[in-house]
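What follows is the content of my_file-v7.cif, which has mmCIF, C-alpha atoms and all ligand atoms:
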data_model
#
loop_
_atom_site.label_atom_id
_atom_site.label_comp_id
_atom_site.auth_asym_id
_atom_site.auth_seq_id
_atom_site.Cartn_x
_atom_site.Cartn_y
_atom_site.Cartn_z
CA MET O 13 31.08 -4.07 53.93
CA ARG O 14 28.18 -4.26 51.51
CA GLU O 15 28.63 -5.32 47.89
CA ILE O 16 26.43 -3.22 45.63
CA PRO O 17 27.06 -4.06 41.98
CA PHE O 18 25.82 -1.51 39.44
CA GLY O 19 23.74 -4.17 37.72
CA ARG O 20 23.00 -7.82 38.17
CA PRO O 21 20.79 -9.98 35.94
CA MET O 22 17.82 -11.33 37.90
CA ILE O 23 17.82 -14.91 36.65
CA GLY O 24 15.67 -17.40 38.56
CA ASP O 25 14.64 -21.03 38.36
CA GLU O 26 11.93 -20.15 35.82
CA GLU O 27 14.54 -18.94 33.31
CA ARG O 28 16.84 -21.91 34.07
CA ARG O 29 14.02 -24.42 33.55
CA ALA O 30 12.90 -22.75 30.32
CA VAL O 31 16.43 -22.82 28.91
CA ALA O 32 16.83 -26.47 29.88
CA ASP O 33 13.57 -27.21 28.03
CA VAL O 34 14.82 -25.59 24.85
CA LEU O 35 18.14 -27.42 25.06
CA ALA O 36 16.31 -30.73 25.54
CA GLY O 37 14.53 -30.22 22.19
CA ASN O 38 15.80 -29.90 18.62
CA ILE O 39 14.81 -26.36 17.73
CA LEU O 40 17.33 -23.70 18.72
CA VAL O 41 16.56 -21.10 16.06
CA HIS O 42 13.51 -20.36 13.86
CA GLY O 43 11.13 -21.90 16.37
CA PRO O 44 7.92 -20.91 18.07
CA ARG O 45 9.57 -19.39 21.15
CA ALA O 46 10.83 -16.20 19.55
CA LYS O 47 7.31 -15.68 18.15
CA GLU O 48 5.81 -16.21 21.61
CA PHE O 49 8.19 -13.67 23.13
CA GLU O 50 7.34 -11.18 20.36
CA GLU O 51 3.62 -11.57 21.02
CA ALA O 52 4.08 -11.16 24.76
CA PHE O 53 6.24 -8.06 24.25
CA ALA O 54 3.74 -6.49 21.84
CA SER O 55 1.00 -7.14 24.34
CA TYR O 56 3.02 -5.71 27.26
CA THR O 57 3.85 -2.47 25.43
CA GLY O 58 0.54 -2.22 23.59
CA ALA O 59 2.24 -2.20 20.17
CA ASN O 60 0.64 -3.75 17.07
CA CYS O 61 3.80 -5.65 16.14
CA ALA O 62 7.04 -6.74 17.75
CA VAL O 63 10.06 -8.23 15.96
CA SER O 64 12.83 -9.87 17.98
CA ALA O 65 16.47 -9.28 17.05
CA SER O 66 19.95 -10.24 18.21
CA SER O 67 20.46 -6.86 19.95
CA CYS O 68 19.10 -3.34 20.18
CA THR O 69 21.88 -2.24 17.82
CA ALA O 70 20.66 -4.81 15.28
CA ALA O 71 17.07 -3.58 15.72
CA LEU O 72 18.16 0.05 15.13
CA HIS O 73 20.22 -0.97 12.09
CA LEU O 74 17.27 -2.94 10.67
CA SER O 75 15.02 0.12 11.11
CA TYR O 76 17.29 2.36 9.02
CA PHE O 77 17.86 -0.46 6.51
CA TYR O 78 14.09 -0.76 6.11
CA PHE O 79 13.78 3.02 5.57
CA GLY O 80 16.40 2.63 2.82
CA LEU O 81 18.92 5.06 4.29
CA GLY O 82 22.24 5.34 2.54
CA ASP O 83 25.04 7.55 1.33
CA GLY O 84 24.17 11.23 1.43
CA ASP O 85 21.34 10.84 3.96
CA GLU O 86 21.42 12.41 7.41
CA VAL O 87 19.78 11.47 10.70
CA ILE O 88 19.37 13.65 13.78
CA VAL O 89 21.01 11.82 16.71
CA PRO O 90 21.20 12.89 20.37
CA ALA O 91 24.79 13.64 21.43
CA MET O 92 24.23 12.08 24.85
CA THR O 93 23.50 8.43 24.14
CA HIS O 94 25.10 5.03 23.67
CA THR O 95 27.31 4.95 20.60
CA ALA O 96 24.91 2.33 19.12
CA THR O 97 22.30 5.03 18.43
CA ALA O 98 24.77 6.71 16.06
CA HIS O 99 26.52 3.56 14.81
CA ALA O 100 23.21 2.22 13.46
CA VAL O 101 23.06 5.27 11.18
CA GLU O 102 26.71 4.90 10.13
CA LEU O 103 26.21 1.20 9.36
CA CYS O 104 23.78 2.24 6.61
CA GLY O 105 26.29 4.69 5.18
CA ALA O 106 24.28 7.70 6.36
CA LYS O 107 25.56 10.54 8.55
CA PRO O 108 24.50 11.21 12.13
CA VAL O 109 24.00 14.92 12.88
CA PHE O 110 24.32 15.42 16.62
CA VAL O 111 22.06 17.58 18.77
CA ASP O 112 22.96 18.60 22.32
CA SER O 113 21.02 17.71 25.51
CA GLU O 114 18.79 19.77 27.74
CA ARG O 115 20.21 20.23 31.26
CA GLU O 116 17.08 19.21 33.21
CA THR O 117 16.84 15.62 31.92
CA GLY O 118 19.80 14.92 29.64
CA ASN O 119 17.32 14.25 26.82
CA ILE O 120 17.78 15.72 23.35
CA ASP O 121 17.16 19.47 23.36
CA THR O 122 14.05 19.69 21.21
CA GLU O 123 14.62 23.43 20.71
CA GLN O 124 17.81 22.72 18.76
CA ILE O 125 16.51 20.05 16.39
CA GLU O 126 15.13 22.22 13.59
CA ALA O 127 18.40 24.09 13.19
CA ALA O 128 20.14 20.74 12.57
CA ILE O 129 17.72 19.62 9.84
CA SER O 130 18.90 19.96 6.23
CA ASP O 131 17.39 18.84 2.93
CA ARG O 132 19.34 15.58 3.37
CA THR O 133 17.74 14.74 6.72
CA ARG O 134 15.61 11.58 6.59
CA ALA O 135 14.93 10.75 10.22
CA ILE O 136 15.05 11.96 13.81
CA SER O 137 16.31 9.52 16.41
CA ILE O 138 15.92 10.09 20.11
CA VAL O 139 16.89 8.18 23.23
CA HIS O 140 14.74 8.19 26.36
CA TYR O 141 17.81 9.00 28.43
CA LEU O 142 18.03 6.90 31.62
CA GLY O 143 14.36 6.05 31.05
CA MET O 144 12.95 9.58 31.24
CA PRO O 145 10.61 10.13 28.28
CA VAL O 146 11.40 12.63 25.55
CA ASP O 147 8.58 15.02 24.62
CA MET O 148 7.41 12.94 21.65
CA ASP O 149 4.59 15.32 20.68
CA ARG O 150 7.23 17.90 20.00
CA ILE O 151 9.45 15.44 18.09
CA ASN O 152 6.52 14.20 16.00
CA ALA O 153 5.44 17.75 15.15
CA VAL O 154 8.93 18.59 13.83
CA ALA O 155 9.14 15.25 11.99
CA LYS O 156 5.76 15.77 10.35
CA LYS O 157 6.63 19.28 9.24
CA HIS O 158 9.82 18.06 7.53
CA GLY O 159 8.57 14.60 6.39
CA LEU O 160 10.98 12.59 8.57
CA PHE O 161 10.88 9.14 10.15
CA VAL O 162 11.08 8.95 13.95
CA VAL O 163 13.21 6.26 15.61
CA GLU O 164 13.00 5.80 19.39
CA ASP O 165 16.02 4.19 21.05
CA CYS O 166 14.24 2.53 23.98
CA ALA O 167 17.24 0.56 25.28
CA LEU O 168 16.67 2.10 28.74
CA ALA O 169 12.94 2.60 28.36
CA ILE O 170 11.04 -0.58 29.18
CA GLY O 171 8.39 0.79 31.52
CA THR O 172 8.70 4.36 30.18
CA TYR O 173 5.34 5.96 29.40
CA LEU O 174 4.31 9.29 28.00
CA ASN O 175 0.66 10.19 28.60
CA GLY O 176 -0.12 6.54 29.25
CA VAL O 177 1.45 5.29 25.99
CA HIS O 178 4.56 3.11 26.20
CA ALA O 179 7.85 4.36 24.73
CA GLY O 180 8.49 3.06 21.23
CA ILE O 181 4.94 3.57 20.00
CA HIS O 182 5.13 7.35 19.63
CA GLY O 183 7.50 7.28 16.64
CA ASP O 184 7.63 4.97 13.60
CA VAL O 185 9.67 2.38 15.46
CA GLY O 186 11.05 1.70 18.95
CA CYS O 187 14.10 -0.46 19.67
CA PHE O 188 14.75 -2.20 23.00
CA SER O 189 17.80 -3.89 24.54
CA PHE O 190 17.99 -7.02 26.67
CA TYR O 191 21.69 -6.67 27.48
CA PRO O 192 22.40 -8.00 31.02
CA VAL O 193 22.35 -4.70 32.96
CA LYS O 194 19.18 -3.32 31.31
CA HIS O 195 15.73 -3.61 32.89
CA MET O 196 15.36 -7.22 31.77
CA THR O 197 17.73 -9.51 29.93
CA THR O 198 18.02 -12.31 27.40
CA ALA O 199 21.86 -12.24 27.77
CA GLU O 200 22.12 -10.52 24.38
CA GLY O 201 19.00 -9.53 22.53
CA GLY O 202 16.76 -6.81 21.26
CA MET O 203 13.22 -6.07 20.12
CA LEU O 204 11.66 -3.65 17.69
CA ILE O 205 8.06 -2.50 18.01
CA THR O 206 5.96 -0.72 15.45
CA GLN O 207 2.32 -0.02 14.60
CA ASN O 208 3.11 -0.72 10.94
CA LYS O 209 2.51 -4.38 10.05
CA GLU O 210 4.09 -4.08 6.59
CA MET O 211 7.27 -2.78 8.26
CA ALA O 212 7.30 -5.62 10.82
CA ASP O 213 6.78 -8.26 8.11
CA ARG O 214 9.52 -6.89 5.91
CA ILE O 215 12.01 -6.51 8.77
CA THR O 216 11.23 -10.10 9.81
CA ARG O 217 12.60 -11.12 6.37
CA GLN O 218 15.44 -8.62 6.45
CA LYS O 219 16.73 -9.95 9.75
CA ALA O 220 17.01 -13.45 8.21
CA PHE O 221 18.95 -13.03 4.93
CA GLY O 222 15.95 -11.71 2.99
CA VAL O 223 14.72 -15.25 2.51
CA ASP O 224 11.04 -15.43 1.50
CA ARG O 225 10.01 -18.36 3.76
CA THR O 226 11.14 -19.45 7.21
CA PRO O 227 11.78 -23.21 7.61
CA GLY O 228 8.31 -23.53 9.15
CA GLU O 229 6.67 -21.89 6.14
CA ARG O 230 8.31 -24.15 3.53
CA SER O 231 6.00 -26.75 1.99
CA VAL O 232 9.00 -28.48 0.43
CA PRO O 233 11.94 -28.59 2.88
CA GLY O 234 15.02 -26.74 1.76
CA VAL O 235 13.28 -24.83 -1.03
CA TYR O 236 13.17 -21.06 -0.76
CA ASP O 237 13.91 -17.89 -2.68
CA VAL O 238 15.86 -14.79 -1.65
CA THR O 239 13.82 -11.73 -2.54
CA MET O 240 15.85 -8.99 -0.86
CA LEU O 241 19.14 -8.23 0.85
CA GLY O 242 19.21 -9.09 4.53
CA TYR O 243 21.27 -9.72 7.62
CA ASN O 244 21.50 -12.55 10.12
CA TYR O 245 20.11 -10.65 13.12
CA ARG O 246 17.69 -13.18 14.62
CA MET O 247 17.07 -13.92 18.28
CA ASN O 248 17.52 -17.62 19.11
CA GLU O 249 15.10 -19.79 21.08
CA ILE O 250 17.27 -19.88 24.21
CA GLU O 251 17.29 -16.09 24.45
CA ALA O 252 13.59 -15.93 23.63
CA VAL O 253 12.46 -18.14 26.52
CA ILE O 254 14.63 -16.18 28.96
CA GLY O 255 12.89 -13.07 27.65
CA THR O 256 9.42 -14.52 28.07
CA GLU O 257 10.15 -15.44 31.69
CA GLN O 258 11.78 -12.08 32.40
CA LEU O 259 8.80 -10.23 30.95
CA LYS O 260 6.52 -11.97 33.47
CA LYS O 261 8.60 -10.35 36.22
CA ILE O 262 9.07 -6.91 34.67
CA GLY O 263 6.30 -5.31 36.74
CA LEU O 264 8.10 -6.28 39.95
CA PHE O 265 11.48 -5.21 38.58
CA LEU O 266 10.13 -1.78 37.65
CA GLU O 267 8.37 -1.29 40.99
CA LYS O 268 11.58 -2.08 42.85
CA ARG O 269 13.58 0.32 40.69
CA LYS O 270 11.13 3.14 41.33
CA GLU O 271 11.11 2.52 45.06
CA ASN O 272 14.93 2.42 45.22
CA TYR O 273 15.23 5.49 43.02
CA GLU O 274 12.86 7.58 45.10
CA HIS O 275 14.52 6.53 48.35
CA LEU O 276 17.98 7.32 46.99
CA GLU O 277 16.76 10.64 45.58
CA ARG O 278 15.36 11.68 48.98
CA GLY O 279 18.70 10.86 50.61
CA LEU O 280 20.74 12.81 48.06
CA ARG O 281 18.49 15.82 47.67
CA ASP O 282 20.07 18.06 50.27
CA ILE O 283 23.72 17.38 49.45
CA SER O 284 24.62 20.82 48.16
CA GLU O 285 27.61 19.71 46.06
CA ILE O 286 25.52 17.61 43.68
CA GLY O 287 22.65 18.17 41.29
CA LEU O 288 20.00 15.71 40.16
CA PHE O 289 18.03 15.30 36.95
CA ARG O 290 14.31 15.92 36.99
CA SER O 291 12.68 12.55 37.64
CA SER O 292 8.98 13.31 37.36
CA HIS O 293 6.75 15.51 35.28
CA ASP O 294 3.03 15.56 34.46
CA GLY O 295 2.13 12.68 32.16
CA TYR O 296 5.72 11.37 32.14
CA ARG O 297 6.66 8.04 33.69
CA SER O 298 10.32 7.10 33.91
CA SER O 299 11.63 3.53 33.92
CA TYR O 300 14.23 4.61 36.52
CA TYR O 301 17.20 2.98 34.88
CA CYS O 302 19.72 4.50 37.29
CA LEU O 303 20.18 7.68 39.28
CA SER O 304 22.90 9.93 37.88
CA ILE O 305 24.28 12.59 40.19
CA LEU O 306 25.86 15.71 38.70
CA LEU O 307 28.90 16.92 40.62
CA ASN O 308 29.42 20.67 40.94
CA ASP O 309 32.33 22.24 39.05
CA ALA O 310 34.77 21.97 41.95
CA LEU O 311 34.06 18.27 42.46
CA ALA O 312 33.74 17.26 38.81
CA SER O 313 37.52 17.29 38.35
CA ARG O 314 37.77 14.92 41.33
CA ARG O 315 35.12 12.54 39.99
CA PHE O 316 37.29 9.46 39.75
CA GLU O 317 38.47 9.88 43.36
CA ILE O 318 34.83 9.81 44.39
CA VAL O 319 34.16 6.80 42.17
CA ASP O 320 37.21 5.12 43.70
CA HIS O 321 36.02 5.83 47.25
CA LEU O 322 32.66 4.28 46.39
CA LYS O 323 34.34 1.28 44.79
CA ARG O 324 36.57 0.70 47.85
CA ASN O 325 33.38 0.63 49.89
CA GLY O 326 31.63 -1.86 47.64
CA VAL O 327 29.44 0.56 45.68
CA GLY O 328 29.49 -0.12 41.94
CA THR O 329 28.91 2.88 39.66
CA SER O 330 28.96 3.65 35.97
CA VAL O 331 28.93 6.66 33.64
CA TYR O 332 26.06 7.19 31.18
CA TYR O 333 27.76 7.97 28.91
CA PRO O 334 31.53 8.52 29.16
CA ARG O 335 31.63 10.96 26.22
CA ALA O 336 29.20 12.83 24.03
CA VAL O 337 29.12 10.56 20.96
CA PRO O 338 30.66 13.17 18.58
CA HIS O 339 33.69 13.27 20.91
CA PHE O 340 34.48 9.57 20.53
CA SER O 341 37.58 9.18 18.34
CA TYR O 342 35.73 7.44 15.51
CA TYR O 343 33.30 10.35 15.03
CA LYS O 344 35.81 13.06 15.84
CA ASP O 345 38.33 11.72 13.32
CA LYS O 346 35.76 11.05 10.62
CA TYR O 347 33.85 14.33 10.82
CA GLY O 348 36.39 16.63 12.51
CA TYR O 349 34.16 17.63 15.43
CA GLN O 350 35.62 20.24 17.77
CA ASP O 351 35.73 19.86 21.57
CA HIS O 352 33.33 22.74 22.17
CA ILE O 353 30.32 21.27 20.37
CA CYS O 354 27.47 19.83 22.44
CA PRO O 355 28.52 21.50 25.73
CA VAL O 356 25.62 20.18 27.81
CA ALA O 357 26.20 16.55 26.77
CA THR O 358 29.91 17.09 27.47
CA TRP O 359 29.12 18.48 30.91
CA ILE O 360 26.96 15.44 31.71
CA SER O 361 29.64 13.04 30.50
CA GLN O 362 32.32 14.79 32.58
CA SER O 363 30.46 15.48 35.82
CA SER O 364 28.01 12.62 36.32
CA ILE O 365 28.20 9.37 38.26
CA ALA O 366 25.48 6.78 37.65
CA LEU O 367 24.29 5.07 40.81
CA PRO O 368 22.53 1.70 40.87
CA VAL O 369 18.82 1.32 41.70
CA GLY O 370 18.22 -2.12 40.18
CA PRO O 371 15.90 -4.77 41.62
CA HIS O 372 18.91 -6.68 43.01
CA LEU O 373 19.10 -3.92 45.66
CA GLY O 374 16.96 -2.78 48.57
CA LEU O 375 16.30 0.38 50.56
CA GLU O 376 19.18 -0.19 53.00
CA ASP O 377 21.51 -0.38 50.02
CA MET O 378 20.25 3.06 48.97
CA GLU O 379 20.97 4.44 52.45
CA TYR O 380 24.44 2.91 52.32
CA ILE O 381 25.06 4.63 48.98
CA VAL O 382 23.96 8.03 50.36
CA GLU O 383 26.24 7.65 53.38
CA ASN O 384 29.18 6.74 51.16
CA ILE O 385 28.58 9.63 48.76
CA LYS O 386 28.69 11.99 51.76
CA ASN O 387 31.90 10.35 53.03
CA ALA O 388 33.48 10.47 49.59
CA ILE O 389 32.74 14.18 49.20
CA MET O 390 34.19 14.84 52.65
CA GLU O 391 37.31 12.77 51.92
CA VAL O 392 37.93 14.60 48.64
CA GLY O 393 37.44 17.91 50.47
CA ILE O 394 40.01 17.03 53.10
CA ASN O 395 42.53 15.93 50.48
CA GLY O 396 41.70 18.93 48.28
C1 LIG O 401 22.63 -0.44 25.79
C2 LIG O 401 22.20 0.52 24.79
C3 LIG O 401 22.18 0.20 23.42
C4 LIG O 401 22.77 -1.07 22.88
O1 LIG O 401 22.01 -2.18 23.15
P1 LIG O 401 22.51 -3.62 22.65
O2 LIG O 401 21.35 -4.52 22.92
O3 LIG O 401 23.71 -3.97 23.51
O4 LIG O 401 22.85 -3.53 21.22
C5 LIG O 401 21.65 1.13 22.54
N1 LIG O 401 21.18 2.32 22.95
C6 LIG O 401 21.21 2.67 24.26
C7 LIG O 401 20.66 3.99 24.66
C8 LIG O 401 21.74 1.80 25.21
O5 LIG O 401 21.80 2.19 26.49
#
Please express the file's structure as structure tokens.
Ligand SMILES: *Cc1c(COP(=O)(O)O)cnc(C)c1O
Amino acid sequence: MREIPFGRPMIGDEERRAVADVLAGNILVHGPRAKEFEEAFASYTGANCAVSASSCTAALHLSYFYFGLGDGDEVIVPAMTHTATAHAVELCGAKPVFVDSERETGNIDTEQIEAAISDRTRAISIVHYLGMPVDMDRINAVAKKHGLFVVEDCALAIGTYLNGVHAGIHGDVGCFSFYPVKHMTTAEGGMLITQNKEMADRITRQKAFGVDRTPGERSVPGVYDVTMLGYNYRMNEIEAVIGTEQLKKIGLFLEKRKENYEHLERGLRDISEIGLFRSSHDGYRSSYYCLSILLNDALASRRFEIVDHLKRNGVGTSVYYPRAVPHFSYYKDKYGYQDHICPVATWISQSSIALPVGPHLGLEDMEYIVENIKNAIMEVGING
């Protein structure tokens, strides 16, 4: 039997050596390595500025903190995303206003955004769901008309391009995740990119207590002022060197994902019981985070039997994401959302199974997955 984990960090000798180097020195935080990683990431994405952070959630929170969001403000948030996209808004005391997904991609339904905008709305956030780009021209047009900031949650979007421009550069800010199962990892970590240097400089202070000088910038050691409120959301040097090494390999990782995805998609295409999201479109380039299948209505209620069959045969799966965010207890209890809101996001959360296409896997693994999906559907049919 094959073992096909949903995700596996691709850590090699380069990362191990780099970490050992950092540990052999004296500088674990506030050193040159985080800066080097930031410069490399800015250069890779084509952004003017990159600011490292302790996670994508921290980067999102810092973005709203910089915009000065607070009590009484609202932010448009896609219903089908990681809870972090909404939590970052809540952490500032503002209110997320959820917008449902479109069926073809799972991305925010741009047609429904304007109806959700009120005179309290300050920003639109989007997530490039599973790495498929959102129509940012459309988002920017609505944002411009209403004077709103645009925040791109790019946690699944390293290698996502829209008309040749990397995700995260289309809006005011883009936030990336280096959590272990994402496209590349620093164990925990995140990055924020922006074209606005003033924003990058200020957030660099805000992620480190609002102190006016880093240890390297102090002419007299230990002497500094605190000029603003801030968090402790830095990336350390150990994480940063892992990131720098991972970024050198990202081209290969992305190529492998695309190849696996396309092979898996070909194998699944003619299984009549399942649907697939659109994976290509003129001018759109996905980062192919995973391949989510959408079970038909009859099979959706048997989803966990199918997941279990796959698991018994060594195929790891996941669900992106297990509920539409407004249906998580925290949001439901706080805002009193009803079960019927955001029906498309709900349908995705209840009928999809996310299949792995990561660079730890090869084409035979994809064929093995297809075979086991077919067997699982047959088994459920027989028991049905
Ligand atoms: C994983 C993920 C996050 C959270 O990233 P962290 O680095 O773990 O904070 C945020 N948004 C989306 C869409 C994600 O998939």
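Once only C-alpha atoms and all ligand atoms are used for the distance check, the residues close to ligand LIG 401 (chain O) at 6 Å turn out to be O:Ser67, O:Cys68, O:Thr69, O:Thr93, O:His94, O:Ala96, O:Thr97, O:Val139, O:Asp165, O:Ala167, O:Leu168, O:Ser189, O:Phe190, O:Tyr191, O:Gly201, O:Gly202.
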The selected residues should be written to file as a PDB file, keeping the file's coordinate frame (atoms: C-alpha atoms).
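Generated output (part.pdb):
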ATOM      1  CA  SER O  67      20.460  -6.860  19.950  1.00  0.00           C
ATOM      2  CA  CYS O  68      19.100  -3.340  20.180  1.00  0.00           C
ATOM      3  CA  THR O  69      21.880  -2.240  17.820  1.00  0.00           C
ATOM      4  CA  THR O  93      23.500   8.430  24.140  1.00  0.00           C
ATOM      5  CA  HIS O  94      25.100   5.030  23.670  1.00  0.00           C
ATOM      6  CA  ALA O  96      24.910   2.330  19.120  1.00  0.00           C
ATOM      7  CA  THR O  97      22.300   5.030  18.430  1.00  0.00           C
ATOM      8  CA  VAL O 139      16.890   8.180  23.230  1.00  0.00           C
ATOM      9  CA  ASP O 165      16.020   4.190  21.050  1.00  0.00           C
ATOM     10  CA  ALA O 167      17.240   0.560  25.280  1.00  0.00           C
ATOM     11  CA  LEU O 168      16.670   2.100  28.740  1.00  0.00           C
ATOM     12  CA  SER O 189      17.800  -3.890  24.540  1.00  0.00           C
ATOM     13  CA  PHE O 190      17.990  -7.020  26.670  1.00  0.00           C
ATOM     14  CA  TYR O 191      21.690  -6.670  27.480  1.00  0.00           C
ATOM     15  CA  GLY O 201      19.000  -9.530  22.530  1.00  0.00           C
ATOM     16  CA  GLY O 202      16.760  -6.810  21.260  1.00  0.00           C
TER      17      GLY O 202
END
Considering all atoms listed in the file, give me a table of residues in segment 215-292 of chain O that are at most 9 Å from segment 379-391 of chain O, with the closest atom pair and distance in Å for each, as a Markdown table.
| residue | atom | partner | partner_atom | distance |
| --- | --- | --- | --- | --- |
| O:His275 | CA | O:Glu379 | CA | 7.9 |
| O:Leu276 | CA | O:Glu379 | CA | 6.9 |
| O:Gly279 | CA | O:Val382 | CA | 6.0 |
| O:Leu280 | CA | O:Val382 | CA | 6.2 |
| O:Ile283 | CA | O:Lys386 | CA | 7.7 |
| O:Glu285 | CA | O:Ile389 | CA | 8.2 |
Which one is closest to Tyr173 of chain O: O:Glu26, O:Asp131, O:Glu277, O:Asp147? Count only C-alpha atoms.
O:Asp147
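Across O:Met13, O:Ala179, O:Gly19, O:Lys219, the tightest approach to Leu72 of chain O is made by O:Lys219 when counting all atoms listed in the file.
The coordinates place atom CA of Glu51 of chain O at 21.2 Å from atom CA of Tyr78 of chain O.
Distances to Ala98 of chain O were evaluated for O:Val331, O:Ile394, O:Met247, O:Val337 using only C-alpha atoms, and the minimum falls at O:Val337.
The two atoms in question, atom CA of Ser130 of chain O and atom CA of His73 of chain O, are spaced 21.8 Å apart.
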When you look at Asp85 of chain O with a cut-off of 10 Å (counting only C-alpha atoms), what residues show up, excluding the ones that are within fewer than 3 positions of it in the same chain? I need them as a PyMOL selection string.
chain O and resi 80-82+101+104-108+130-135
Limit the output to N, CA, C and O atoms and give segment 160-174 of chain O as a PDB file, in the first residue's frame.
ATOM      1  N   LEU O 160     -12.208  52.043  -0.631  1.00  0.00           N
ATOM      2  CA  LEU O 160     -11.872  50.979   0.321  1.00  0.00           C
ATOM      3  C   LEU O 160     -10.458  50.444   0.096  1.00  0.00           C
ATOM      4  O   LEU O 160      -9.949  50.455  -1.025  1.00  0.00           O
ATOM      5  N   PHE O 161      -9.837  49.972   1.166  1.00  0.00           N
ATOM      6  CA  PHE O 161      -8.569  49.250   1.058  1.00  0.00           C
ATOM      7  C   PHE O 161      -8.844  47.848   0.510  1.00  0.00           C
ATOM      8  O   PHE O 161      -9.935  47.307   0.698  1.00  0.00           O
ATOM      9  N   VAL O 162      -7.834  47.256  -0.123  1.00  0.00           N
ATOM     10  CA  VAL O 162      -7.960  45.879  -0.613  1.00  0.00           C
ATOM     11  C   VAL O 162      -6.848  45.022  -0.002  1.00  0.00           C
ATOM     12  O   VAL O 162      -5.666  45.338  -0.133  1.00  0.00           O
ATOM     13  N   VAL O 163      -7.267  43.963   0.700  1.00  0.00           N
ATOM     14  CA  VAL O 163      -6.333  43.046   1.352  1.00  0.00           C
ATOM     15  C   VAL O 163      -6.437  41.681   0.679  1.00  0.00           C
ATOM     16  O   VAL O 163      -7.524  41.105   0.612  1.00  0.00           O
ATOM     17  N   GLU O 164      -5.306  41.185   0.160  1.00  0.00           N
ATOM     18  CA  GLU O 164      -5.299  39.867  -0.474  1.00  0.00           C
ATOM     19  C   GLU O 164      -4.730  38.825   0.490  1.00  0.00           C
ATOM     20  O   GLU O 164      -3.578  38.932   0.902  1.00  0.00           O
ATOM     21  N   ASP O 165      -5.536  37.856   0.863  1.00  0.00           N
ATOM     22  CA  ASP O 165      -5.032  36.724   1.642  1.00  0.00           C
ATOM     23  C   ASP O 165      -4.418  35.755   0.635  1.00  0.00           C
ATOM     24  O   ASP O 165      -5.129  35.079  -0.110  1.00  0.00           O
ATOM     25  N   CYS O 166      -3.099  35.715   0.620  1.00  0.00           N
ATOM     26  CA  CYS O 166      -2.345  34.912  -0.357  1.00  0.00           C
ATOM     27  C   CYS O 166      -1.744  33.668   0.286  1.00  0.00           C
ATOM     28  O   CYS O 166      -0.735  33.145  -0.200  1.00  0.00           O
ATOM     29  N   ALA O 167      -2.367  33.193   1.365  1.00  0.00           N
ATOM     30  CA  ALA O 167      -1.802  32.043   2.093  1.00  0.00           C
ATOM     31  C   ALA O 167      -1.636  30.821   1.193  1.00  0.00           C
ATOM     32  O   ALA O 167      -0.773  29.985   1.423  1.00  0.00           O
ATOM     33  N   LEU O 168      -2.482  30.713   0.158  1.00  0.00           N
ATOM     34  CA  LEU O 168      -2.402  29.568  -0.763  1.00  0.00           C
ATOM     35  C   LEU O 168      -1.966  30.035  -2.147  1.00  0.00           C
ATOM     36  O   LEU O 168      -2.194  29.338  -3.140  1.00  0.00           O
ATOM     37  N   ALA O 169      -1.358  31.203  -2.223  1.00  0.00           N
ATOM     38  CA  ALA O 169      -1.187  31.834  -3.535  1.00  0.00           C
ATOM     39  C   ALA O 169       0.248  32.226  -3.869  1.00  0.00           C
ATOM     40  O   ALA O 169       0.487  33.167  -4.622  1.00  0.00           O
ATOM     41  N   ILE O 170       1.228  31.492  -3.352  1.00  0.00           N
ATOM     42  CA  ILE O 170       2.586  31.700  -3.868  1.00  0.00           C
ATOM     43  C   ILE O 170       2.635  31.018  -5.228  1.00  0.00           C
ATOM     44  O   ILE O 170       2.332  29.831  -5.336  1.00  0.00           O
ATOM     45  N   GLY O 171       2.955  31.785  -6.263  1.00  0.00           N
ATOM     46  CA  GLY O 171       2.931  31.219  -7.613  1.00  0.00           C
ATOM     47  C   GLY O 171       1.609  31.463  -8.324  1.00  0.00           C
ATOM     48  O   GLY O 171       1.394  30.947  -9.411  1.00  0.00           O
ATOM     49  N   THR O 172       0.727  32.258  -7.724  1.00  0.00           N
ATOM     50  CA  THR O 172      -0.532  32.651  -8.361  1.00  0.00           C
ATOM     51  C   THR O 172      -0.325  33.972  -9.099  1.00  0.00           C
ATOM     52  O   THR O 172       0.175  34.938  -8.507  1.00  0.00           O
ATOM     53  N   TYR O 173      -0.678  33.996 -10.373  1.00  0.00           N
ATOM     54  CA  TYR O 173      -0.512  35.217 -11.170  1.00  0.00           C
ATOM     55  C   TYR O 173      -1.815  35.567 -11.869  1.00  0.00           C
ATOM     56  O   TYR O 173      -2.550  34.686 -12.313  1.00  0.00           O
ATOM     57  N   LEU O 174      -2.039  36.853 -11.985  1.00  0.00           N
ATOM     58  CA  LEU O 174      -3.164  37.349 -12.760  1.00  0.00           C
ATOM     59  C   LEU O 174      -2.589  38.323 -13.796  1.00  0.00           C
ATOM     60  O   LEU O 174      -1.953  39.311 -13.413  1.00  0.00           O
TER      61      LEU O 174
END
